[in-house]
Amino acid sequence: MITLSINKKTYNVDVDPETPLLWVLRDELGLVGTKYGCGLAQCGACTVHLNGEAVRSCVTKVSRAVGQEVVTIEGLSEKGDHPVQKAWLEIDVAQCGYCQTGQIMSAVVLLKANKNPTDADIDAAMAGNICRCGTYLRIRDAIKLAAQIERKEA
Amino acid sequence: MADLKTSITRRSFLRSSALAGGGLMISFSWLSAFKSPDTMAPELADWAELTGYVKITPDNIIKILNPNPEFGQNVMTSLPMIVAEELDADWKQVLVEMGPHDNVKLGPQFTGGSNSVRMYWKPLREAGAAARQMLIEAASQSWAVPAAEITTKAGILYHQKTGKQATYGSLATKASAIAIPKGMKLKDAKEFKVVKSSIKNVEGKKIVTGEPLFGLDYHVEGMLIAMIEHPPAFGMKLKSFDASEALKMPGIKDVFTQKLYEDGFEQGGFDTRTFNDLLVVVGSNTWQVMKARKKLKVEWEPAGEYKDIIAARGQKREVVVPAELESTEAQLKKMQEWSAKPAPQLRKDGEPEAAFKNAAQVIERTYNAPFLAHNCMEPMNFFAHVTDDKALVAGPLQAPGWSEPTLAKLLNLPADKIEIQMTRMGGGFGRRAYGQYLYEAALISKKVKAPIKLVYSREDDMTYGIYRPMYTATYRAALDANKKLIGFHVNGGGIPEHAIHANRFPAGTVDNYLAEGWAIPSNITIGAFRAPRSNFNAAAEQSFLDELAEAMGKDPIDLRLELLQKGKESPVGQNNDYDAERYAGVLKLVREKSGWGKAENKKYSRGVAAYFCHNSYAAHVVDIVMKNGQPYVERVFSAIDCGIVVNPDAAINMVQGAVVDGIGNAFYGGLTHKEGRAVQNNFHAYRIIRMNEAPKKIEVHFVQNDIDPTGLGEPPFPPVFGAVANALFKATGQRLYQQPYAPQLNKRRAF
C-alpha cells in the first residue's frame, strides 16, 4: 500500500511502486484532469506539481511522490478561481481543451518564480507543453493577464 | 411531476420521466460522470420541450442542445447561439448541453468539412424561431389576444396594448403542446443580438478545472482497459504470439486475437482499417496493460496483397492493397517516375499543348509533401459495453452516423439498440471521422463480455496510419514574349491519391489550361486531414504563383488580382467553383491590413498566399525575421471571408490556431517510412510547433457581409503553407519545393 498526499488529501493506493503517477491519478483515483499525451515527457499534458515544482507525471514513478505534496488541476483552487484559471477563461484560450490543464499547471509554476514574465520567459517556460490546436498566443496573453491579476490580488 | 421528484431517486427519475412536452428526457445514467454540479440541479426541473433543440423550465432556464460533436471548433457554444438568436433568449438564461446521437431529431451530427455552422445555420434558426412562435401561440391563447400583437425580448413575451407580460418559462408547458410550426420568418441579420457577438466557450470552466470531458476520461465501475498490439509496419500482419508471460502480469485478464472485419466484409466509406488481425490485451488498468504488452512474444509476417471491398455512395468497389513494405526514398522515386507518365486528364481549356509549344518561356516546378499524422492530443480511444441485445459506446468521434451502420453490422444488432454518446474530443483534424477504433472497442467488449475502454498509446496512434497522403505536383506556366501568361498546366499525383482540384483558381483565369491527376496504390492508409488536398495545393500552387509573379516582374498580389479580374469578367471554361470577387476581396483586405509594400514593414521578409476551400476564402501575409540565426514567423495578417461570423472572438481563435498549425506543419510536419515502418512514433521524433516558435501576433480580419456562414475550421489552414514558403524565399533566397521546409533550409545553410 502506498500513501499519497494529493490536493491536501491522503490517499492509500495498492499499486506497483513503478507505476507512473499519471496512471495512479487517472485510473486509481479518478483525477482525470491530468492528461495522457505521450508517455515520454514530450508534450506536458500530464503536468502536476510535486512540492510546488512542475513535473511530468507520465514519467514520474508514484514511489517518488511518497511523502511529497502533489497538486493536480483539481486541487489548484477550490472554486476554479486561481488567477491563472481566471485568466484562461477571460482570454477564452481553449479550443479542444485537452492540453490546457497541463498548460495551466506549467504556467502556475512559472508565475511563482517570475511575477512579470516577458515573452521570452514564457517561451522558455512553456516550450515543454504542446498545444496541437495552436492556442499559444492566447496562452501567452493569459499568462500575462494572470500575472496582473496576481499582482492586484497580492 | 413535482411529487415524483421527492419520492424517487434522481437517477430513476431521469430514466423514467416523461416531460411535460411529451418528449423523453435523454438518459443521463451513463454520462452522469460528465455532469458538473452546476449543471446537475436543473436536471431535476420540469423541462418542457419545444422542438428537438429547446427545453425550458417554469423558472425560465432555457436548455439548448448542441447537436454536433465538439473537437475544439467551439460548436458547443456557436450552434446553441444560433438557436438562442431566433428564440430571442437572453444568453444568460441559456444552459447548453451535448445532445444525444439521434439523426432523426437532431440532424446529420457530423463534424467535418467545415460544415457544422454551414449545415446547421438554417435548421437551428428555424428551430429557435419555431419554439418562439409556439411560446407566442401559448401567450395568445392565455391572454386571448392575437398572436401577431405579441412581441418577445430576452426570454419574455409582451403584449403592449394590454400591458401583459410573461416569461418563456411560465408558458413553456402550454407551448410544448402546440404543434411545431414550419416556414417561420427568420430575422434579418441586422437584428442579430446573440449571433455576431463574442460569447465565451460554455465549457471553459470545465476545461480549466480538469473535469472529465473527454473520451479518455470516461469511466464506469468495473470497466476494463484494452490495448491492441498492432504490426510494426504497414504491410505486415500477425503470424503467431505467445502471451504466457504477459498473462502472468498483475491485473491482466486476457490476451486474444480478434478480427476487425471478416473476409468479404463490405466497408463503408469511412471504415478504413490498417490492420485486421488484432492482438488484444485486456486488464484492470492502463499501466498494467502497457507493461504486459512488453512481455508479449509476437511474430509478424508480410500480409501480402489483399482486397478491401468498399460499399459507399451506392457503389461497390474492390480496392487491391499492395504488399510492398514501403520506404520514403522509394516512394519519392516512384512519384517522380509516375509524374513522367501520361496521366488522366481532369480538365482542359483552350489549347494548352500549343500554348506551351509557342511559349517564349516555360517555368516548371515540382513540389512534394510527406504523409502527416494528425497527432490529436487525445490519442484514439473508445468506451464500449456490448451485451447480447444492446450496445453502449462512448467516446471521441467526428461522425457517429457514419460509423453506426457498420457497427450494427459488426455486432449484428439493429441500429436502435446501439447508443453512441459523443464526448468532447481532444482534437480531431479529420482523424476521428474514421471509426475503426470504435469498432475495435465494441468487438473487444463483446468478446470479453464486459465494459471496456480501448486506449491507444501515443505510439499506437502515430503509427496506425490514416495519414494525410503523400503528394506531388508539377506546375508549368507558359509565358509569351511580353511575359504574359498564356498557358497553365498542373500534373498532380500522390500516394494513394492526388490532391488536384481541377476547377479551382487559377482555372477559369487562363485561356489554355490543363489539369491532370494520378494515384499510386499503397498499404499505408490515409484519411481526411484538416482541409484535405487543399492543404497541399495551397502550398504548391501558391508557391508557384509567387515564383511566376517574380518571373513576370509583377507584385504577387497584383498578379493574383489581375487573374481574378479576368476570372470575374470573362471566365474561361465551365464549373469554376470559386467566386472571383470574394477571392479578390480577401487579397485586397490582407493587402490593406498588413500594410503590404509599406516602408515601415521593410524589416520583415514577407510572403503572401490565398486559397479558397470549404466555401470560404482566406489570405495571409506572413512576416519572417531571423531569430538566433533561424527564420521565425513573427507576425501574420489574415483576411477571411466566411460570410456571417457567428462568434467573432472564437472565430479569431480558430483562425489563429489554423495559422499556428500551418506554420508548424510547413516547417516541421512529416512522417516517413522505412520498410513499412513509420519512422516517427512519438513527439520526440515528430516535431510539433511549440510556444517559442509561435508568432508574436496573428491579426485576423473578416470581410464584413451578411452572406450565410460557411466553413472556418479548415479554410485558413492551407494558404499558411504557401505564405510561409514565399516569406522564407524572401528571408533566405531559397525557394522551397519539399515539405517540411525547416530541414530543407538546413541542408543549404548552417543556421
# chains A, B, ... in the order shown; residues from 1 in each chain; ligands from 1
>>> select_by_dssp(residues="stretch 39-100 of chain A", states="helix (DSSP H, G or I)", output="MDAnalysis selection string")
chainID A and resid 62:65 73:75 83:91 100
>>> interface_residues(of="chain B", to="chain A", cutoff="8 Å", atoms="only C-alpha atoms", output="ChimeraX atom specification")
/B:70-74,200-201,204-205,207-212,214,217,285-287,375-379,424-427,457-459,650,653-654,656-661,682-684,688-692,694-697
>>> select_by_dssp(residues="chain A", states="strand (DSSP E or B)", output="list in words")
Ile2, Thr3, Leu4, Ser5, Ile6, Lys9, Thr10, Tyr11, Asn12, Val13, Pro20, Thr47, Val48, His49, Leu50, Glu53, Ala54, Val55, Arg56, Lys61, Glu69, Val70 and Val71 of chain A
